[in-house]
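First comes the structure, then the notes that go with it.
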Amino acid sequence: MRIVIAGGHGQIALRLERLLAARGDEVAGIIRKAEQADDLRQAGAEPVVLDLESASVDEVAEQLRGADAAVFAAGAGPGSGATRKDTVDKAAAVLFADAAVQAGVRRFVVVSSMGADPRHQGDEIFDVYLRAKGEADAYVRGLDALDWTILRPGQLTDDAGTGLVRLEARTGRGPIPRDDVAAVLAELVDTSATAGLTLELISGSAPVSVAVKSVAGN
């Protein structure tokens, strides 16, 4: 498979790139800064320098053409203000989805956040973030041309992955190592039977492949 990842230098994205490259997939990661390129190459991914905050749909679609799947894993990051929650977490996700439609890439996986909701109340930065993610998710859900799956991890940690997760429509809150989020994404990209599902993810007792097969109805 050829898989294009938006936010290719993110902590989850770099882990995902390593997993996909190790299993023989062709991976491209969209990054904002040229100096991030070597990290992607070391992960086995082809770096594509393109700023999703200023790129056009046509420019992004050009990078997606011929891909089997697209993963939106970009984020403004914890140090960013409310404006970038809107331009990255919402607008860039919408742009990437529109570009996937234009490029004819049906399989589309979104890394969202537990609690994402377009109706979320509050004015703190995290409130704005959850609202932006929720609005982006709602937009993607409305695109019939995409076989989308939305993944909402719980509290992200840098603990070593265990390969044991709980993946359901509703899990309740809990931690999840980034390693395990990446492992679940690698399975989801490959499992189009999860299309149309919004899933929450925390640490649990099911091996990743079993958890994904379970929600896919296998």
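Chain labels run A, B, ... following the order of the structure tokens; each chain numbers its residues from 1, and ligands are numbered from 1 in the order shown.
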Between segment 146-211 of chain A and segment 129-138 of chain A, at 12 Å or less, what are the per-residue closest atom pairs and their distances in Å? Count only C-alpha atoms, order by chain and rising residue number, and return it as CSV.
residue,atom,partner,partner_atom,distance
A:Trp148,CA,A:Asp137,CA,9.7
A:Thr149,CA,A:Asp137,CA,9.6
A:Ile150,CA,A:Asp137,CA,7.2
A:Leu151,CA,A:Asp137,CA,9.8
A:Arg152,CA,A:Lys133,CA,10.0
A:Gly196,CA,A:Asp137,CA,11.4
A:Leu197,CA,A:Asp137,CA,11.2
A:Thr198,CA,A:Asp137,CA,9.0
A:Leu199,CA,A:Asp137,CA,11.7
* Pull the alpha helix (DSSP H) assignments for chain A out of DSSP run on the backbone, and list those residues as a PyMOL selection string. => chain A and resi 11-22+37-43+57-64+82-84+93-103+125-141+178-190+208-215
* To do: Compare A:Asp127, A:Asp98, A:Asp86, A:Glu26 by their minimum atom-to-atom distance to Val140 of chain A, counting only C-alpha atoms, and give me the closest one.
  => A:Asp98
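Of the residues under consideration (A:Pro47, A:Gly163, A:Gly7, A:Gly154), A:Gly154 shows the shortest atom-to-atom contact distance to Ile176 of chain A when counting only C-alpha atoms.
Non-sequential neighbours of segment 58-69 of chain A (distance at most 7 Å, separation of 6 or more positions within a chain, only C-alpha atoms) are Met1, Arg2, Ile3, Val4, Phe96, Ala99, Ala100, Gln102, Ala103, Val105, Arg106, Arg107, Phe108 and Val189 of chain A.
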* If you count only C-alpha atoms, which residues fall within 10 Å of Lys33 of chain A, apart from same-chain ones fewer than 6 positions away, as a count of residues only? -> 6
* Asked: Out of A:Val27, A:Leu20, A:Val165, A:Ala74, which residue has the shortest atom-to-atom distance to Asp190 of chain A when counting only C-alpha atoms?
  -> A:Leu20
* Asked: Pick the closest to Arg166 of chain A from A:Glu200, A:Glu35, A:Asp89, A:Asp144: which is it, counting only C-alpha atoms?
  ->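 For Arg166 of chain A, the nearest of the given residues is A:Glu200.
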* **Test item: residues at most 9 Å from Leu14 of chain A, only C-alpha atoms, excluding those fewer than 4 positions along its chain, as JSON, numbers by chain** => {"A": [8, 9, 10, 18, 19, 29, 39, 40, 43, 45, 182]}
